[in-house]
Amino acid sequence: MKIYLIVYLFRQAMAGLRANRMVQLIGIGTMTVSLLIFGFFLLLFVNLNTWVRGWGDSLFASVYIRSDAGEPVKQQVEGFIVSFEGAECVRTVSSEEAMQILRRALGDQKEILDDLPDPNPLPTALDVIFKATEVDGDDLLEFKRGVEAVPGVDEVVLSEDWRGRAHALLDVLRIGGTVLGGLLAVGVLFIVVNTIKLTIYSRREEIEISKLVGATDWFVKTPFLLEGLVQGVLSGAASLGILYLSYLLLSAREIRWMDIPVLEVVFVPPHLLLALFAGSMLLGVFGSLIAVSRFFDV
């Protein structure tokens with residue numbers, strides 16, 4: 001008897017979805033977009049977090065030499081790097097190369113560089129990596145002080161400095177994600193509540209007849225709650241599917257910044273995907289519960 005009742009309630013829910021399919025499709029589509037926005041934010045946060053953790057396993061520095069310093073200064077810095085135990089210069093970008101990279105990065109906006117004064121103001125950059133087994137934090141500071149003491153060196157940026165800035169950015173993104181998630185959850189609830197309300201109003205005569213013949217409030221409410229559940233399941237599945245397709249498109253390309261590969265794209269971990277999908281279902285059911293509770297004055 002209970003199985004028959006469950007089947008009957010699901011049939012009623014499916015009948016309600018079919019009878020108001022246009023309204024339901026609009027609601028599901030809007031919910032999918034909202035969940036997708038939050039999903040893209042999760043994808044961005046996960047990848048930035050992976051990037052920062054990758055930095056934690058490597059020690060590097062970027063040395064910037066003023067463009068007017070000349071070749072002797074560059075040779076002096078390179079000599080210091082060679083003499084520093086555990087350090088190795090892996091890449092040198094001259095001022096001219098830096099300008100070419102910047103022009104390619106700007107694309108159609110590269111004309112703005114034509115107004116830059118001569119000579120080329122961009123510095124020469126030397127990328128240095130350190131063997132973690134031979135260098136610690138104090139050694140990095142010693143390296144920075146030694147290189148910055150060379151006349152003509154503009155700045156030395158350590159991986160520790162970048163990590164500190166990146167962690168601050170992640171903290172901002174974490175707070176922003178919480179706020180964004182809250183706002184989107186409220187938006188999804190609003191969508192579900194109004195969609196179910198429209199369904200209830202379109203079937204109010206049927207509801208009244210059911211109550212007149214002895215149907216309990218929960219017997220009448222359950223199909224609407226199931227409709228909200230179906231909305232949540234379909235919206236969650238659609239948003240995760242689109243998110244995964246977007247990830248496949250992004251992972252097929254190498255993301256570069258200033259001609260330098262900066263980030264290998266990874267997908268959102270399974271536990272966060274499960275949480276997003278479960279949240280979609282819960283929002284669907286909770287929104288339906290709000291709608292039917294208001295209608296029945298419970």
# chains A, B, ... in the order shown; residues from 1 in each chain; ligands from 1

call {"tool": "residues_around", "arguments": {"residues": "Leu274 of chain A", "least_positions_apart": "4", "cutoff": "12 Å", "atoms": "only C-alpha atoms", "output": "PyMOL selection string"}}
result
chain A and resi 39+233+236-237+240+268-270+278-281

call {"tool": "write_last_selection", "arguments": {"atoms": "N, CA and C atoms", "output": "PDB file, in the first residue's frame"}}
result
ATOM      1  N   GLY A  39      29.146  27.517  -9.459  1.00  0.00           N
ATOM      2  CA  GLY A  39      30.057  26.452  -9.863  1.00  0.00           C
ATOM      3  C   GLY A  39      31.318  26.998 -10.505  1.00  0.00           C
ATOM      4  N   VAL A 233      17.041  18.500  -8.683  1.00  0.00           N
ATOM      5  CA  VAL A 233      17.857  17.449  -9.301  1.00  0.00           C
ATOM      6  C   VAL A 233      18.226  17.830 -10.731  1.00  0.00           C
ATOM      7  N   GLY A 236      20.599  20.899 -10.736  1.00  0.00           N
ATOM      8  CA  GLY A 236      21.936  20.514 -10.288  1.00  0.00           C
ATOM      9  C   GLY A 236      22.674  19.697 -11.325  1.00  0.00           C
ATOM     10  N   ALA A 237      21.977  18.728 -11.940  1.00  0.00           N
ATOM     11  CA  ALA A 237      22.617  17.891 -12.953  1.00  0.00           C
ATOM     12  C   ALA A 237      23.014  18.714 -14.174  1.00  0.00           C
ATOM     13  N   LEU A 240      26.083  21.001 -13.301  1.00  0.00           N
ATOM     14  CA  LEU A 240      27.326  20.232 -13.190  1.00  0.00           C
ATOM     15  C   LEU A 240      27.789  19.740 -14.556  1.00  0.00           C
ATOM     16  N   VAL A 268      36.702  20.628 -10.060  1.00  0.00           N
ATOM     17  CA  VAL A 268      36.232  20.751  -8.681  1.00  0.00           C
ATOM     18  C   VAL A 268      36.235  19.370  -8.026  1.00  0.00           C
ATOM     19  N   PRO A 269      36.751  19.232  -6.798  1.00  0.00           N
ATOM     20  CA  PRO A 269      36.797  17.926  -6.125  1.00  0.00           C
ATOM     21  C   PRO A 269      35.401  17.307  -5.971  1.00  0.00           C
ATOM     22  N   PRO A 270      35.321  15.977  -5.934  1.00  0.00           N
ATOM     23  CA  PRO A 270      34.013  15.301  -5.850  1.00  0.00           C
ATOM     24  C   PRO A 270      33.166  15.727  -4.656  1.00  0.00           C
ATOM     25  N   ALA A 278      23.716  18.341  -3.755  1.00  0.00           N
ATOM     26  CA  ALA A 278      22.821  18.177  -2.602  1.00  0.00           C
ATOM     27  C   ALA A 278      22.175  19.509  -2.233  1.00  0.00           C
ATOM     28  N   GLY A 279      22.944  20.591  -2.303  1.00  0.00           N
ATOM     29  CA  GLY A 279      22.379  21.914  -2.020  1.00  0.00           C
ATOM     30  C   GLY A 279      21.285  22.281  -2.989  1.00  0.00           C
ATOM     31  N   SER A 280      21.452  21.904  -4.266  1.00  0.00           N
ATOM     32  CA  SER A 280      20.421  22.170  -5.270  1.00  0.00           C
ATOM     33  C   SER A 280      19.121  21.443  -4.913  1.00  0.00           C
ATOM     34  N   MET A 281      19.231  20.173  -4.515  1.00  0.00           N
ATOM     35  CA  MET A 281      18.038  19.411  -4.143  1.00  0.00           C
ATOM     36  C   MET A 281      17.374  19.988  -2.895  1.00  0.00           C
TER      37      MET A 281
END

call {"tool": "residues_around", "arguments": {"residues": "Val193 of chain A", "least_positions_apart": "5", "cutoff": "7 Å", "atoms": "only C-alpha atoms", "output": "PyMOL selection string"}}
result
chain A and resi 287-288+290-291

call {"tool": "atom_distance", "arguments": {"atom1": "atom CA of Leu250 of chain A", "atom2": "atom CA of Asp108 of chain A"}}
result
22.5 Å

call {"tool": "residues_around", "arguments": {"residues": "Gly146 of chain A", "least_positions_apart": "4", "cutoff": "10 Å", "atoms": "only C-alpha atoms", "output": "VMD selection string"}}
result
chain A and resid 77 80 to 81 84 140 to 142 150 156

call {"tool": "write_last_selection", "arguments": {"atoms": "C-alpha atoms", "output": "compact mmCIF listing (two decimals), in the first residue's frame"}}
result
# COMPACT_ATOMS: atom_id res chain seq x y z
CA VAL A 77 73.85 39.87 -11.18
CA PHE A 80 76.13 36.63 -8.06
CA ILE A 81 73.46 34.04 -8.90
CA PHE A 84 75.04 31.63 -4.63
CA LEU A 140 66.33 33.69 0.36
CA LEU A 141 66.45 36.93 2.32
CA GLU A 142 70.24 36.93 2.07
CA VAL A 150 73.91 45.79 -6.94
CA VAL A 156 63.81 41.27 -6.26

call {"tool": "closest_residue", "arguments": {"among": "A:Pro72, A:Leu9, A:Thr124, A:Phe143", "to": "Gly86 of chain A", "atoms": "only C-alpha atoms"}}
result
A:Phe143

call {"tool": "residues_around", "arguments": {"residues": "Gly181 of chain A", "least_positions_apart": "2", "cutoff": "12 Å", "atoms": "only C-alpha atoms", "output": "NGL selection string"}}
result
:A and (34-42 or 173-179 or 183-188 or 276 or 279-280)

call {"tool": "atom_distance", "arguments": {"atom1": "atom CA of Arg11 of chain A", "atom2": "atom CA of Ile200 of chain A"}}
result
15.9 Å

call {"tool": "select_by_dssp", "arguments": {"residues": "segment 2-134 of chain A", "states": "helix (DSSP H, G or I)", "output": "PDB file with C-alpha atoms, in the first residue's frame"}}
result
ATOM      1  CA  LYS A   2       2.813   2.379   0.866  1.00  0.00           C
ATOM      2  CA  ILE A   3       4.619   1.654  -2.398  1.00  0.00           C
ATOM      3  CA  TYR A   4       1.413   2.346  -4.317  1.00  0.00           C
ATOM      4  CA  LEU A   5       1.030   5.622  -2.421  1.00  0.00           C
ATOM      5  CA  ILE A   6       4.597   6.673  -3.255  1.00  0.00           C
ATOM      6  CA  VAL A   7       4.063   5.824  -6.924  1.00  0.00           C
ATOM      7  CA  TYR A   8       0.807   7.788  -6.919  1.00  0.00           C
ATOM      8  CA  LEU A   9       2.448  10.862  -5.381  1.00  0.00           C
ATOM      9  CA  PHE A  10       5.276  10.749  -7.927  1.00  0.00           C
ATOM     10  CA  ARG A  11       2.748  10.460 -10.734  1.00  0.00           C
ATOM     11  CA  GLN A  12       0.946  13.502  -9.385  1.00  0.00           C
ATOM     12  CA  ALA A  13       4.223  15.403  -9.247  1.00  0.00           C
ATOM     13  CA  MET A  14       5.077  14.453 -12.840  1.00  0.00           C
ATOM     14  CA  ALA A  15       1.581  15.443 -13.943  1.00  0.00           C
ATOM     15  CA  GLY A  16       2.066  18.832 -12.325  1.00  0.00           C
ATOM     16  CA  LEU A  17       5.409  19.272 -14.076  1.00  0.00           C
ATOM     17  CA  ARG A  18       3.896  18.389 -17.458  1.00  0.00           C
ATOM     18  CA  ALA A  19       0.863  20.609 -16.960  1.00  0.00           C
ATOM     19  CA  ARG A  21       6.112  22.628 -18.248  1.00  0.00           C
ATOM     20  CA  MET A  22       6.818  26.101 -19.614  1.00  0.00           C
ATOM     21  CA  VAL A  23       6.893  27.672 -16.145  1.00  0.00           C
ATOM     22  CA  GLN A  24       8.901  24.711 -14.844  1.00  0.00           C
ATOM     23  CA  LEU A  25      11.433  24.969 -17.692  1.00  0.00           C
ATOM     24  CA  ILE A  26      11.922  28.674 -17.013  1.00  0.00           C
ATOM     25  CA  GLY A  27      12.396  27.974 -13.326  1.00  0.00           C
ATOM     26  CA  ILE A  28      14.837  25.110 -13.943  1.00  0.00           C
ATOM     27  CA  GLY A  29      16.767  27.190 -16.473  1.00  0.00           C
ATOM     28  CA  THR A  30      17.088  30.115 -14.060  1.00  0.00           C
ATOM     29  CA  MET A  31      18.134  27.806 -11.232  1.00  0.00           C
ATOM     30  CA  THR A  32      20.715  26.180 -13.506  1.00  0.00           C
ATOM     31  CA  VAL A  33      22.246  29.555 -14.372  1.00  0.00           C
ATOM     32  CA  SER A  34      22.423  30.522 -10.686  1.00  0.00           C
ATOM     33  CA  LEU A  35      24.074  27.245  -9.716  1.00  0.00           C
ATOM     34  CA  LEU A  36      26.411  27.504 -12.687  1.00  0.00           C
ATOM     35  CA  ILE A  37      27.609  30.946 -11.573  1.00  0.00           C
ATOM     36  CA  PHE A  38      28.514  29.510  -8.186  1.00  0.00           C
ATOM     37  CA  GLY A  39      30.057  26.452  -9.863  1.00  0.00           C
ATOM     38  CA  PHE A  40      32.351  28.635 -11.983  1.00  0.00           C
ATOM     39  CA  PHE A  41      33.348  30.511  -8.829  1.00  0.00           C
ATOM     40  CA  LEU A  42      34.219  27.178  -7.181  1.00  0.00           C
ATOM     41  CA  LEU A  43      36.248  26.184 -10.246  1.00  0.00           C
ATOM     42  CA  LEU A  44      38.184  29.461 -10.081  1.00  0.00           C
ATOM     43  CA  PHE A  45      38.806  29.158  -6.344  1.00  0.00           C
ATOM     44  CA  VAL A  46      39.921  25.505  -6.543  1.00  0.00           C
ATOM     45  CA  ASN A  47      42.395  26.266  -9.318  1.00  0.00           C
ATOM     46  CA  LEU A  48      43.843  29.317  -7.556  1.00  0.00           C
ATOM     47  CA  ASN A  49      44.197  27.292  -4.373  1.00  0.00           C
ATOM     48  CA  THR A  50      45.971  24.507  -6.308  1.00  0.00           C
ATOM     49  CA  TRP A  51      48.287  27.074  -7.860  1.00  0.00           C
ATOM     50  CA  VAL A  52      49.231  28.572  -4.498  1.00  0.00           C
ATOM     51  CA  ARG A  53      49.871  25.129  -3.013  1.00  0.00           C
ATOM     52  CA  GLY A  54      52.130  24.389  -5.963  1.00  0.00           C
ATOM     53  CA  TRP A  55      54.128  27.474  -5.083  1.00  0.00           C
ATOM     54  CA  GLY A  56      54.524  26.085  -1.588  1.00  0.00           C
ATOM     55  CA  GLU A  71      74.960  44.808 -19.774  1.00  0.00           C
ATOM     56  CA  PRO A  72      77.652  45.043 -17.019  1.00  0.00           C
ATOM     57  CA  VAL A  73      74.962  45.139 -14.320  1.00  0.00           C
ATOM     58  CA  LYS A  74      73.230  42.101 -15.826  1.00  0.00           C
ATOM     59  CA  GLN A  75      76.534  40.204 -15.897  1.00  0.00           C
ATOM     60  CA  GLN A  76      77.246  41.171 -12.290  1.00  0.00           C
ATOM     61  CA  VAL A  77      73.846  39.873 -11.180  1.00  0.00           C
ATOM     62  CA  GLU A  78      74.309  36.656 -13.145  1.00  0.00           C
ATOM     63  CA  GLY A  79      77.697  36.208 -11.488  1.00  0.00           C
ATOM     64  CA  PHE A  80      76.133  36.631  -8.062  1.00  0.00           C
ATOM     65  CA  ILE A  81      73.460  34.038  -8.904  1.00  0.00           C
ATOM     66  CA  VAL A  82      76.092  31.536 -10.076  1.00  0.00           C
ATOM     67  CA  SER A  83      78.099  32.050  -6.898  1.00  0.00           C
ATOM     68  CA  SER A  95      63.496  44.667 -22.042  1.00  0.00           C
ATOM     69  CA  GLU A  96      62.872  44.154 -25.770  1.00  0.00           C
ATOM     70  CA  GLU A  97      61.476  40.658 -25.250  1.00  0.00           C
ATOM     71  CA  ALA A  98      59.299  41.904 -22.408  1.00  0.00           C
ATOM     72  CA  MET A  99      57.875  44.598 -24.703  1.00  0.00           C
ATOM     73  CA  GLN A 100      57.107  42.002 -27.405  1.00  0.00           C
ATOM     74  CA  ILE A 101      55.409  39.744 -24.872  1.00  0.00           C
ATOM     75  CA  LEU A 102      53.375  42.667 -23.565  1.00  0.00           C
ATOM     76  CA  ARG A 103      52.310  43.617 -27.096  1.00  0.00           C
ATOM     77  CA  ARG A 104      51.138  40.056 -27.788  1.00  0.00           C
ATOM     78  CA  ALA A 105      49.283  39.951 -24.479  1.00  0.00           C
ATOM     79  CA  LEU A 106      47.451  43.211 -25.212  1.00  0.00           C
ATOM     80  CA  GLY A 107      46.387  42.066 -28.674  1.00  0.00           C
ATOM     81  CA  ASP A 108      44.224  44.701 -30.360  1.00  0.00           C
ATOM     82  CA  GLN A 109      45.064  47.196 -27.594  1.00  0.00           C
ATOM     83  CA  LYS A 110      48.821  47.114 -28.236  1.00  0.00           C
ATOM     84  CA  GLU A 111      48.733  50.591 -29.824  1.00  0.00           C
ATOM     85  CA  ILE A 112      48.640  52.138 -26.350  1.00  0.00           C
ATOM     86  CA  LEU A 113      52.291  51.096 -25.941  1.00  0.00           C
ATOM     87  CA  ASP A 114      53.298  53.430 -28.771  1.00  0.00           C
ATOM     88  CA  ASP A 115      52.896  56.360 -26.373  1.00  0.00           C
TER      89      ASP A 115
END
